[in-house]
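*Asks:* Input query-v9.cif, format and content: mmCIF, C-alpha atoms and all ligand atoms.
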```cif
data_coords
#
loop_
_atom_site.label_atom_id
_atom_site.label_comp_id
_atom_site.auth_asym_id
_atom_site.auth_seq_id
_atom_site.Cartn_x
_atom_site.Cartn_y
_atom_site.Cartn_z
CA MET R 1 -58.93 -30.73 29.97
CA ARG R 2 -57.38 -32.16 26.82
CA ASN R 3 -53.96 -30.50 26.45
CA LEU R 4 -54.05 -29.90 22.74
CA GLN R 5 -51.10 -27.93 21.30
CA VAL R 6 -51.04 -25.29 18.59
CA ASN R 7 -48.24 -24.82 16.06
CA GLY R 8 -46.34 -21.90 17.60
CA GLU R 9 -44.09 -21.38 14.58
CA ARG R 10 -47.07 -21.06 12.27
CA LEU R 11 -48.69 -18.57 14.66
CA TRP R 12 -45.51 -16.46 14.74
CA ALA R 13 -45.11 -16.62 10.94
CA SER R 14 -48.70 -15.42 10.45
CA LEU R 15 -48.20 -12.55 12.92
CA MET R 16 -45.03 -11.48 11.11
CA GLU R 17 -46.67 -11.66 7.68
CA LEU R 18 -49.66 -9.65 8.91
CA ALA R 19 -47.29 -7.06 10.44
CA ARG R 20 -45.85 -6.33 6.98
CA ILE R 21 -49.15 -4.60 6.15
CA GLY R 22 -48.58 -1.08 7.43
CA ALA R 23 -45.05 -1.81 8.70
CA THR R 24 -43.20 1.28 9.94
CA PRO R 25 -39.43 1.88 9.66
CA LYS R 26 -39.05 1.54 13.45
CA GLY R 27 -40.48 -1.99 13.45
CA GLY R 28 -44.07 -1.13 14.37
CA VAL R 29 -47.33 -1.03 12.45
CA CYS R 30 -49.58 1.83 11.35
CA ARG R 31 -52.87 0.33 10.16
CA LEU R 32 -55.67 2.73 11.00
CA ALA R 33 -59.27 1.54 11.07
CA ALA R 34 -61.01 1.35 7.67
CA SER R 35 -57.90 2.56 5.80
CA ASP R 36 -56.59 0.85 2.64
CA LEU R 37 -54.08 -1.02 4.80
CA ASP R 38 -56.83 -2.18 7.17
CA GLY R 39 -58.66 -3.47 4.08
CA GLU R 40 -55.53 -5.36 3.00
CA ALA R 41 -55.14 -6.97 6.46
CA ARG R 42 -58.82 -7.91 6.48
CA ARG R 43 -58.53 -9.58 3.07
CA LEU R 44 -55.48 -11.55 4.22
CA PHE R 45 -57.38 -12.75 7.32
CA ILE R 46 -60.34 -13.75 5.15
CA SER R 47 -58.18 -15.67 2.66
CA TRP R 48 -56.43 -17.54 5.49
CA SER R 49 -59.79 -18.31 7.13
CA GLU R 50 -61.23 -19.63 3.87
CA GLU R 51 -58.13 -21.76 3.32
CA ALA R 52 -58.85 -23.18 6.78
CA GLY R 53 -62.32 -24.18 5.57
CA CYS R 54 -64.26 -21.41 7.33
CA THR R 55 -67.36 -19.61 6.14
CA VAL R 56 -66.82 -15.84 6.33
CA ARG R 57 -69.53 -13.29 7.03
CA ILE R 58 -69.25 -9.52 7.35
CA ASP R 59 -71.79 -7.43 9.20
CA LYS R 60 -72.95 -3.91 8.46
CA ILE R 61 -70.27 -2.31 10.65
CA GLY R 62 -67.51 -4.37 9.04
CA ASN R 63 -66.98 -6.96 11.79
CA ILE R 64 -65.66 -10.15 10.15
CA PHE R 65 -66.78 -13.57 11.45
CA ALA R 66 -64.93 -16.70 10.28
CA ARG R 67 -66.93 -19.77 11.27
CA ARG R 68 -65.71 -23.35 11.65
CA PRO R 69 -68.73 -25.64 11.80
CA GLY R 70 -69.53 -27.79 14.80
CA ARG R 71 -71.37 -31.10 14.94
CA ASP R 72 -74.59 -29.30 15.85
CA PRO R 73 -75.13 -26.29 13.57
CA LYS R 74 -78.05 -25.12 15.71
CA LEU R 75 -75.85 -24.39 18.72
CA PRO R 76 -74.68 -20.79 19.19
CA PRO R 77 -70.98 -20.37 18.43
CA VAL R 78 -68.12 -20.16 20.90
CA MET R 79 -66.33 -17.02 19.79
CA THR R 80 -62.84 -15.58 20.01
CA GLY R 81 -61.09 -12.67 18.34
CA SER R 82 -59.76 -9.13 18.68
CA HIS R 83 -58.91 -6.38 16.19
CA LEU R 84 -56.69 -5.75 13.15
CA ASP R 85 -56.56 -1.94 13.38
CA THR R 86 -53.64 -0.28 15.20
CA GLN R 87 -52.58 3.02 16.71
CA PRO R 88 -50.66 5.37 14.36
CA THR R 89 -47.45 4.27 16.07
CA GLY R 90 -48.68 0.82 17.06
CA GLY R 91 -47.01 -2.55 17.39
CA LYS R 92 -47.27 -5.97 15.80
CA PHE R 93 -49.23 -7.67 18.58
CA ASP R 94 -51.95 -5.45 20.05
CA GLY R 95 -55.16 -6.91 18.57
CA ALA R 96 -53.41 -8.86 15.82
CA TYR R 97 -52.42 -11.50 18.36
CA GLY R 98 -56.03 -12.24 19.36
CA VAL R 99 -57.14 -12.65 15.74
CA MET R 100 -54.14 -14.74 14.68
CA ALA R 101 -54.43 -16.91 17.81
CA GLY R 102 -58.03 -17.64 16.80
CA LEU R 103 -56.93 -18.52 13.28
CA GLU R 104 -54.14 -20.74 14.59
CA LEU R 105 -56.47 -22.69 16.86
CA MET R 106 -58.78 -23.41 13.90
CA ARG R 107 -55.83 -24.57 11.81
CA THR R 108 -54.76 -26.82 14.69
CA LEU R 109 -58.24 -28.33 15.02
CA ASN R 110 -58.14 -29.02 11.27
CA ASP R 111 -54.72 -30.72 11.59
CA LEU R 112 -56.10 -32.90 14.38
CA GLY R 113 -59.38 -33.57 12.58
CA TYR R 114 -61.05 -32.40 15.78
CA GLU R 115 -64.78 -31.76 15.67
CA THR R 116 -66.36 -29.58 18.32
CA GLU R 117 -70.02 -29.82 19.27
CA ALA R 118 -70.73 -26.09 18.84
CA PRO R 119 -69.38 -24.01 15.94
CA ILE R 120 -66.31 -21.84 16.56
CA GLU R 121 -66.12 -18.29 15.25
CA VAL R 122 -63.06 -16.05 15.00
CA VAL R 123 -63.88 -12.35 14.83
CA ALA R 124 -61.98 -9.28 13.69
CA TRP R 125 -63.82 -6.34 15.29
CA THR R 126 -63.95 -2.98 13.51
CA ASN R 127 -62.21 0.12 14.93
CA GLU R 128 -61.12 -1.10 18.35
CA GLU R 129 -58.43 1.54 18.77
CA GLY R 130 -60.60 4.63 18.42
CA SER R 131 -57.57 6.48 17.11
CA ARG R 132 -58.91 7.48 13.69
CA PHE R 133 -62.61 7.29 14.60
CA SER R 134 -63.49 7.84 18.27
CA PRO R 135 -64.70 6.37 20.51
CA ALA R 136 -62.85 3.07 20.77
CA MET R 137 -64.40 -0.40 20.37
CA VAL R 138 -67.14 0.70 17.98
CA GLY R 139 -67.56 -2.64 16.18
CA SER R 140 -67.86 -4.75 19.32
CA GLY R 141 -69.92 -2.00 20.99
CA ALA R 142 -72.43 -2.05 18.11
CA PHE R 143 -72.53 -5.87 18.24
CA ALA R 144 -73.31 -5.69 21.99
CA GLY R 145 -75.94 -2.99 21.49
CA ILE R 146 -73.98 -0.21 23.23
CA PHE R 147 -74.08 1.98 20.09
CA ASP R 148 -76.76 1.82 17.46
CA LEU R 149 -75.61 1.13 13.94
CA ALA R 150 -76.22 4.62 12.51
CA GLU R 151 -74.30 6.17 15.41
CA GLY R 152 -71.36 3.82 14.82
CA LEU R 153 -71.26 4.28 11.05
CA GLY R 154 -71.57 8.05 11.43
CA ARG R 155 -68.39 8.46 13.50
CA PRO R 156 -66.16 11.01 11.70
CA ASP R 157 -62.45 10.66 10.96
CA ASN R 158 -60.67 12.89 13.52
CA VAL R 159 -58.86 14.79 10.76
CA THR R 160 -60.84 14.67 7.50
CA GLY R 161 -64.37 14.18 8.87
CA VAL R 162 -65.13 11.33 6.43
CA THR R 163 -67.35 8.79 8.21
CA LEU R 164 -66.50 5.26 9.27
CA GLY R 165 -69.46 4.05 7.20
CA ALA R 166 -68.19 5.73 4.03
CA GLU R 167 -64.69 4.37 4.55
CA LEU R 168 -65.96 0.83 5.16
CA GLU R 169 -67.93 1.15 1.92
CA ARG R 170 -64.84 2.38 0.07
CA ILE R 171 -62.58 -0.46 1.23
CA GLY R 172 -65.29 -3.04 0.52
CA PHE R 173 -66.18 -3.93 4.12
CA ALA R 174 -69.67 -2.53 4.58
CA GLY R 175 -71.16 -6.00 4.93
CA SER R 176 -74.73 -7.19 4.70
CA GLU R 177 -75.19 -9.20 7.93
CA PRO R 178 -77.20 -7.61 10.74
CA VAL R 179 -75.07 -6.37 13.64
CA GLY R 180 -75.40 -8.50 16.78
CA GLY R 181 -78.77 -9.68 17.99
CA ARG R 182 -77.82 -13.35 17.81
CA PRO R 183 -76.81 -15.70 20.62
CA VAL R 184 -73.14 -16.31 21.39
CA ALA R 185 -72.31 -19.22 23.73
CA ALA R 186 -69.12 -17.64 25.09
CA TYR R 187 -66.41 -15.15 24.12
CA PHE R 188 -62.69 -15.52 24.80
CA GLU R 189 -60.05 -12.96 23.84
CA ALA R 190 -56.28 -13.44 23.92
CA HIS R 191 -54.28 -10.21 24.15
CA ILE R 192 -50.86 -8.96 25.17
CA GLU R 193 -51.03 -7.51 28.68
CA GLN R 194 -49.93 -3.96 27.67
CA GLY R 195 -48.63 -3.53 31.22
CA PRO R 196 -45.63 -4.72 33.27
CA ILE R 197 -47.15 -7.10 35.84
CA LEU R 198 -46.77 -10.57 34.23
CA GLU R 199 -43.19 -9.87 33.17
CA ALA R 200 -42.27 -8.60 36.65
CA GLU R 201 -43.92 -11.61 38.31
CA ARG R 202 -42.31 -13.98 35.79
CA LYS R 203 -45.68 -15.43 34.78
CA THR R 204 -46.52 -16.75 31.32
CA VAL R 205 -50.28 -16.40 31.43
CA GLY R 206 -52.59 -13.82 32.98
CA VAL R 207 -56.06 -15.11 33.84
CA VAL R 208 -58.09 -11.93 33.41
CA THR R 209 -60.90 -11.74 35.95
CA GLY R 210 -62.37 -8.45 34.75
CA ALA R 211 -61.76 -4.90 33.62
CA GLN R 212 -61.46 -1.84 35.82
CA GLY R 213 -64.25 0.66 36.28
CA GLN R 214 -63.46 4.30 35.58
CA ARG R 215 -64.69 7.62 36.90
CA TRP R 216 -63.51 10.79 35.20
CA TYR R 217 -63.98 14.28 36.65
CA GLU R 218 -63.54 17.89 35.66
CA ILE R 219 -62.74 20.14 38.59
CA THR R 220 -62.81 23.93 38.67
CA VAL R 221 -61.34 25.82 41.61
CA THR R 222 -62.15 29.51 41.89
CA GLY R 223 -60.39 32.05 44.14
CA GLN R 224 -59.43 35.65 43.46
CA GLU R 225 -56.78 37.13 41.20
CA ALA R 226 -54.59 39.69 42.93
CA HIS R 227 -51.16 41.32 42.65
CA ALA R 228 -48.33 39.03 43.79
CA GLY R 229 -46.55 41.91 45.56
CA PRO R 230 -48.93 44.07 47.61
CA THR R 231 -51.28 41.23 48.68
CA PRO R 232 -50.31 39.87 52.15
CA MET R 233 -50.31 36.07 52.55
CA THR R 234 -53.25 36.17 54.97
CA ARG R 235 -55.45 37.96 52.43
CA ARG R 236 -54.98 35.55 49.53
CA ARG R 237 -57.50 33.24 47.92
CA ASP R 238 -55.01 31.38 45.73
CA ALA R 239 -56.82 28.88 43.48
CA LEU R 240 -53.58 27.12 42.54
CA VAL R 241 -52.63 26.45 46.17
CA GLY R 242 -56.07 24.89 46.68
CA ALA R 243 -55.77 22.85 43.48
CA ALA R 244 -52.29 21.65 44.48
CA ARG R 245 -53.71 20.29 47.76
CA MET R 246 -56.55 18.63 45.86
CA ILE R 247 -54.16 17.05 43.35
CA ASP R 248 -52.06 15.75 46.23
CA ALA R 249 -55.26 14.28 47.71
CA VAL R 250 -56.04 12.52 44.40
CA ASN R 251 -52.63 10.87 44.53
CA ARG R 252 -53.11 9.91 48.21
CA ILE R 253 -56.54 8.38 47.45
CA GLY R 254 -54.85 6.22 44.79
CA HIS R 255 -52.19 5.03 47.25
CA ASP R 256 -54.77 4.49 50.03
CA ASN R 257 -56.66 2.07 47.80
CA ALA R 258 -53.61 0.05 46.69
CA PRO R 259 -52.88 -2.19 44.92
CA TYR R 260 -55.70 -1.89 42.38
CA ALA R 261 -56.61 1.80 42.43
CA CYS R 262 -55.27 4.20 39.82
CA ALA R 263 -55.68 7.95 40.37
CA THR R 264 -54.34 10.47 37.88
CA VAL R 265 -54.44 14.20 37.26
CA GLY R 266 -53.20 14.49 33.68
CA PHE R 267 -54.46 17.89 32.58
CA ALA R 268 -54.43 21.26 34.37
CA GLN R 269 -54.90 24.88 33.37
CA VAL R 270 -54.09 27.92 35.51
CA PHE R 271 -55.79 31.29 34.96
CA PRO R 272 -54.51 33.82 34.17
CA ASN R 273 -51.18 31.93 34.26
CA SER R 274 -49.08 35.00 34.89
CA ARG R 275 -46.02 34.85 37.16
CA ASN R 276 -46.85 37.96 39.21
CA THR R 277 -50.59 37.41 39.58
CA ILE R 278 -52.12 35.17 42.27
CA PRO R 279 -54.08 32.53 40.30
CA GLY R 280 -57.82 33.16 40.35
CA ARG R 281 -58.96 29.95 38.76
CA VAL R 282 -57.65 26.41 38.07
CA PHE R 283 -59.21 23.71 35.94
CA PHE R 284 -57.98 20.10 36.14
CA THR R 285 -59.12 16.57 35.34
CA VAL R 286 -59.15 13.42 37.47
CA ASP R 287 -59.10 9.83 36.18
CA PHE R 288 -59.97 7.21 38.85
CA ARG R 289 -59.90 3.47 38.10
CA HIS R 290 -60.66 0.44 40.21
CA PRO R 291 -62.06 -3.05 39.55
CA GLU R 292 -64.68 -2.79 42.33
CA ASP R 293 -67.58 -0.39 42.08
CA ALA R 294 -67.86 -0.01 45.88
CA VAL R 295 -64.25 1.14 46.12
CA LEU R 296 -64.72 3.48 43.17
CA SER R 297 -67.71 5.01 44.99
CA ALA R 298 -65.69 5.36 48.19
CA MET R 299 -62.92 7.08 46.20
CA ASP R 300 -65.56 9.43 44.80
CA GLY R 301 -66.63 10.35 48.34
CA GLU R 302 -63.03 10.89 49.45
CA LEU R 303 -62.34 13.11 46.45
CA ARG R 304 -65.37 15.33 47.09
CA GLN R 305 -64.52 15.63 50.77
CA ALA R 306 -60.85 16.44 50.10
CA CYS R 307 -61.77 19.09 47.53
CA LYS R 308 -64.25 20.74 49.89
CA ALA R 309 -61.78 20.72 52.78
CA ALA R 310 -59.00 22.21 50.66
CA ALA R 311 -61.33 24.89 49.30
CA ASP R 312 -62.84 25.80 52.70
CA ALA R 313 -59.41 26.17 54.31
CA ILE R 314 -58.52 29.13 52.10
CA GLY R 315 -61.90 30.50 51.10
CA LEU R 316 -62.14 29.04 47.59
CA GLU R 317 -65.07 27.69 45.63
CA VAL R 318 -64.80 24.29 44.00
CA GLU R 319 -66.99 22.54 41.47
CA VAL R 320 -66.47 18.76 41.09
CA LYS R 321 -68.19 17.59 37.92
CA GLU R 322 -68.37 13.89 37.04
CA PHE R 323 -67.51 13.70 33.34
CA TRP R 324 -67.69 9.97 32.55
CA TYR R 325 -68.48 6.76 34.36
CA PHE R 326 -67.68 3.30 33.06
CA PRO R 327 -68.67 0.56 35.52
CA PRO R 328 -66.24 -2.26 36.36
CA THR R 329 -66.75 -5.35 34.21
CA PRO R 330 -66.25 -8.61 36.07
CA PHE R 331 -65.80 -11.49 33.63
CA ASP R 332 -67.83 -14.70 33.93
CA PRO R 333 -66.44 -16.72 36.88
CA ASP R 334 -67.08 -20.10 35.18
CA LEU R 335 -65.36 -19.02 31.98
CA VAL R 336 -62.47 -17.48 33.95
CA ALA R 337 -62.12 -20.86 35.69
CA VAL R 338 -61.97 -22.59 32.29
CA VAL R 339 -59.03 -20.34 31.36
CA ARG R 340 -57.31 -20.92 34.72
CA ASN R 341 -57.73 -24.70 34.42
CA ALA R 342 -56.37 -24.65 30.86
CA ALA R 343 -53.27 -22.75 32.03
CA GLU R 344 -52.89 -25.16 34.95
CA ALA R 345 -53.27 -28.25 32.74
CA GLN R 346 -50.54 -26.95 30.41
CA GLY R 347 -48.24 -26.36 33.37
CA TYR R 348 -47.85 -22.64 32.73
CA LEU R 349 -47.03 -20.21 35.52
CA HIS R 350 -50.11 -18.04 35.75
CA GLN R 351 -51.86 -15.51 37.94
CA ASP R 352 -55.17 -13.68 38.09
CA ILE R 353 -55.00 -10.16 36.71
CA ILE R 354 -57.31 -7.20 36.07
CA SER R 355 -57.33 -5.47 32.70
CA GLY R 356 -56.33 -1.82 33.03
CA ALA R 357 -57.30 -1.04 29.43
CA GLY R 358 -60.54 -1.36 27.49
CA HIS R 359 -60.93 -4.30 25.09
CA ASP R 360 -63.62 -5.65 22.78
CA ALA R 361 -64.18 -8.31 25.46
CA VAL R 362 -65.45 -5.63 27.84
CA TYR R 363 -68.44 -4.97 25.56
CA LEU R 364 -68.96 -8.65 24.72
CA ALA R 365 -69.23 -9.29 28.47
CA ARG R 366 -72.54 -7.39 28.39
CA VAL R 367 -74.13 -10.00 26.10
CA THR R 368 -72.34 -13.31 26.69
CA PRO R 369 -70.12 -15.06 29.26
CA THR R 370 -66.65 -13.63 28.60
CA ALA R 371 -63.04 -14.18 29.68
CA MET R 372 -59.61 -12.98 28.54
CA ILE R 373 -56.12 -14.44 28.43
CA PHE R 374 -53.12 -12.12 28.79
CA VAL R 375 -49.53 -12.87 27.83
CA PRO R 376 -46.56 -10.70 28.84
CA CYS R 377 -45.18 -8.03 26.52
CA VAL R 378 -41.58 -6.89 26.76
CA GLY R 379 -41.14 -4.08 29.28
CA GLY R 380 -44.92 -3.80 29.56
CA ILE R 381 -44.82 -1.46 26.56
CA SER R 382 -47.69 -1.18 24.06
CA HIS R 383 -49.18 1.49 21.79
CA ASN R 384 -45.60 1.93 20.67
CA GLU R 385 -43.63 0.75 17.65
CA ILE R 386 -41.19 -1.11 19.90
CA GLU R 387 -44.01 -3.25 21.34
CA ASP R 388 -42.70 -6.82 21.52
CA ALA R 389 -43.62 -10.27 22.82
CA LYS R 390 -41.82 -13.60 23.06
CA PRO R 391 -42.88 -16.34 20.63
CA GLU R 392 -43.03 -18.91 23.46
CA ASP R 393 -45.39 -16.70 25.50
CA LEU R 394 -47.64 -16.13 22.47
CA THR R 395 -47.72 -19.88 21.89
CA ALA R 396 -48.59 -20.49 25.55
CA GLY R 397 -51.49 -18.03 25.44
CA CYS R 398 -52.73 -19.63 22.24
CA ASN R 399 -52.56 -23.12 23.79
CA VAL R 400 -54.64 -21.87 26.72
CA LEU R 401 -57.12 -20.28 24.30
CA LEU R 402 -57.36 -23.48 22.22
CA ASN R 403 -58.08 -25.71 25.20
CA ALA R 404 -60.51 -23.27 26.80
CA MET R 405 -62.41 -22.91 23.50
CA VAL R 406 -62.53 -26.68 22.94
CA GLU R 407 -63.69 -27.25 26.50
CA ARG R 408 -66.53 -24.81 26.02
CA ALA R 409 -67.45 -25.82 22.47
CA SER R 410 -67.51 -29.51 23.42
CA ALA R 411 -69.46 -29.07 26.64
CA ALA R 412 -72.25 -27.36 24.71
ZN ZN G 1 -56.00 -4.18 21.57
#
```
Reformat the file's structure so that it appears as structure tokens.
*Replies:*
Amino acid sequence: MRNLQVNGERLWASLMELARIGATPKGGVCRLAASDLDGEARRLFISWSEEAGCTVRIDKIGNIFARRPGRDPKLPPVMTGSHLDTQPTGGKFDGAYGVMAGLELMRTLNDLGYETEAPIEVVAWTNEEGSRFSPAMVGSGAFAGIFDLAEGLGRPDNVTGVTLGAELERIGFAGSEPVGGRPVAAYFEAHIEQGPILEAERKTVGVVTGAQGQRWYEITVTGQEAHAGPTPMTRRRDALVGAARMIDAVNRIGHDNAPYACATVGFAQVFPNSRNTIPGRVFFTVDFRHPEDAVLSAMDGELRQACKAAADAIGLEVEVKEFWYFPPTPFDPDLVAVVRNAAEAQGYLHQDIISGAGHDAVYLARVTPTAMIFVPCVGGISHNEIEDAKPEDLTAGCNVLLNAMVERASAA
């Protein structure tokens, strides 16, 4: 491992200049996918990439690839990147950091006159946030073949209904390159953690070993509506009492599978929702997450059993419907080891960590060896205008990214 060092001040300056595009009064950024401001940020990234000697290509879903040549142009590129779009009340670092870290490492390689064997590409993926056009991660998903192109371009704006394709056309980013279908040697993504673990553990670098799997459910509990006064307790089939026991079980299942399980009921409706009527029906959702599929399956079994037991005890009916399943994504062990070794060689305090959120890297992992690097964010807060990160941590993550990329692009 070579221990090359990026220019942290230049990285910070670029992040701050980029954050002026769509800056909000509270210090955050609002730069929705395929908006005029997104177009402005894209053009700034392209001009910086061209100044750094890169060739820039744009594919049909607007993903931007800035390529620094390697000694052997026939080798597939080692790729890094993230996204330039933000949430409506987003911060300066979510996504922007991964793209600017990629740019900074290319500038550093230029300063050093360093030639890699394989080409290096820095990517800005289209519509990662899924805030204006859902779902999230459409650009990287199309590149990885999860969505077909027409499906991706046809996604409507949540408010106006105008399509992603039309908006990309309008801002000048409906490119001509085919989407995906070409080999990538490896993909690295640097990102702020968006959670509290690294800060709490006083670690500078998170070596991301994978992303959690998710199972989402919709549960309907049916009992019988009756008058709250004349109906004796023994005669009741109270759907809300059953649902309350089920919700408690969801929480218990989360705790039983600590430390990695997450179990949440975030939405509930009571029918008829009248204070002097015994509830006849309750609808609620469950969101289970865990990095291991076997545990997620076990949690599924526990949930179904707990719901049945709670329903049977008071004569209710329950329907447990699986709404969405997203399998856990383990990252490539060799590439994860490259990241870990790079952190070690730089002398940074680091730990293995699982990504709780979705990222472009999760889709890239379907088509190429993939790993991620996390750096702490202040208070673990993200998707918020007060999102913040320390310059020295951002520099550390970028140094790890640089050395991991060089290791991979030179080994090729
Ligand atoms: Zn992000």
*Asks:* In Å, rounded to a single decimal, give me how far atom CA of Val208 of chain R is from atom CA of His255 of chain R.
*Replies:* 22.7 Å
*Asks:* Give me, as CSV, the closest atom pair and its distance (Å, one decimal) for every residue of segment 160-221 of chain R within a cut-off of 9 Å of segment 369-380 of chain R, counting only C-alpha atoms, rows sorted by chain and rising number.
*Replies:*
```
residue,atom,partner,partner_atom,distance
R:Val184,CA,R:Pro369,CA,8.5
R:Ala185,CA,R:Pro369,CA,7.3
R:Ala186,CA,R:Pro369,CA,5.0
R:Tyr187,CA,R:Thr370,CA,4.7
R:Phe188,CA,R:Ala371,CA,5.1
R:Glu189,CA,R:Met372,CA,4.7
R:Ala190,CA,R:Ile373,CA,4.6
R:His191,CA,R:Phe374,CA,5.2
R:Ile192,CA,R:Val375,CA,4.9
R:Glu193,CA,R:Phe374,CA,5.1
R:Gln194,CA,R:Gly380,CA,5.4
R:Gly195,CA,R:Gly380,CA,4.1
R:Pro196,CA,R:Gly380,CA,3.9
R:Ile197,CA,R:Gly380,CA,7.4
R:Leu198,CA,R:Pro376,CA,5.4
R:Glu199,CA,R:Pro376,CA,5.5
R:Ala200,CA,R:Gly379,CA,8.7
R:Arg202,CA,R:Pro376,CA,8.8
R:Lys203,CA,R:Pro376,CA,7.6
R:Thr204,CA,R:Val375,CA,6.0
R:Val205,CA,R:Val375,CA,5.1
R:Gly206,CA,R:Phe374,CA,4.6
R:Val207,CA,R:Ile373,CA,5.5
R:Val208,CA,R:Met372,CA,5.2
R:Thr209,CA,R:Ala371,CA,7.1
R:Gly210,CA,R:Ala371,CA,7.7
```
*Asks:* Looking at R:Ile253, R:Ala361, R:Val400, R:Ala310, which one is nearest to ligand ZN 1 (chain G), with distances taken over all atoms listed in the file?
*Replies:*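 That would be R:Ala361, the residue with the smallest distance to ligand ZN 1 (chain G).
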*Asks:* All residues within 9 Å of ligand ZN 1 (chain G) are required, counting only C-alpha atoms and all ligand atoms; please report them as a count of residues only.
*Replies:* 21
*Asks:* Report, in Å to a single decimal, how far apart atom CA of Pro259 of chain R and atom CA of Ile354 of chain R are.
*Replies:*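 One can read the atom CA of Ile354 of chain R to atom CA of Pro259 of chain R distance as 11.1 Å.
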*Asks:* One decimal, in Å: what's the spacing between atom CA of Leu401 of chain R and atom CA of Gly347 of chain R?
*Replies:*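 Computing it gives 14.1 Å between the two atoms.
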*Asks:* For Pro328 of chain R, which residue among R:Asn384, R:Thr231, R:Gln212, R:Asn403 is the nearest when counting all atoms listed in the file?
*Replies:*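 Nearest candidate to Pro328 of chain R out of R:Asn384, R:Thr231, R:Gln212, R:Asn403: R:Gln212.
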*Asks:* Just checking: using only C-alpha atoms, which residue out of R:Ala66, R:Met106, R:Cys30, R:Ala101 ends up closest to Asp393 of chain R?
*Replies:*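 Smallest distance to Asp393 of chain R is found for R:Ala101.
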*Asks:* Give me, as a PyMOL selection string, all polymer residues having an atom no more than 9 Å from segment 125-127 of chain R, counting all atoms listed in the file and skipping those fewer than 5 positions away in the same chain.
*Replies:* chain R and resi 32-34+61-65+81-86+132-140+164+360
*Asks:* With only C-alpha atoms counted, which protein, DNA or RNA residues have an atom no more than 12 Å from (-53.6, -7.5, -0.9) in the file frame? Please answer as number ranges by chain.
*Replies:* R: 17-18, 20-22, 36-47, 171
*Asks:* From the list R:Val29, R:Leu316, R:Val367, R:Arg57, which residue is nearest Ser176 of chain R when using all atoms listed in the file?
*Replies:*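 Under the stated criterion, the closest residue is R:Arg57.
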*Asks:* Report as a PyMOL selection string all protein, DNA and RNA residues lying within 6 Å of Ala409 of chain R, evaluated on only C-alpha atoms, omitting residues in the same chain fewer than 6 positions from it.
*Replies:* chain R and resi 78+116-118
*Asks:* Which residue out of R:Val179, R:Leu335, R:Ile58, R:Ile381 has the minimum interatomic distance to Val122 of chain R when all atoms listed in the file are used?
*Replies:*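 Of the candidates, the smallest distance to Val122 of chain R is held by R:Ile58.
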*Asks:* Give the answer as one residue: which of R:Ala174, R:Leu75, R:Val282, R:Ile353 has the shortest atom-to-atom distance to Glu225 of chain R, using all atoms listed in the file?
*Replies:* R:Val282
*Asks:* Any idea what's packed within 9 Å of Ala261 of chain R, counting only C-alpha atoms, ignoring anything in its chain fewer than 2 positions away? Could you give it as a list in words?
*Replies:*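 Here the qualifying residues turn out to be Gln212, Ile253, Gly254, His255, Asp256, Asn257, Ala258, Pro259, Ala263, Phe288, Arg289, His290, Pro291, Val295 and Leu296 of chain R.
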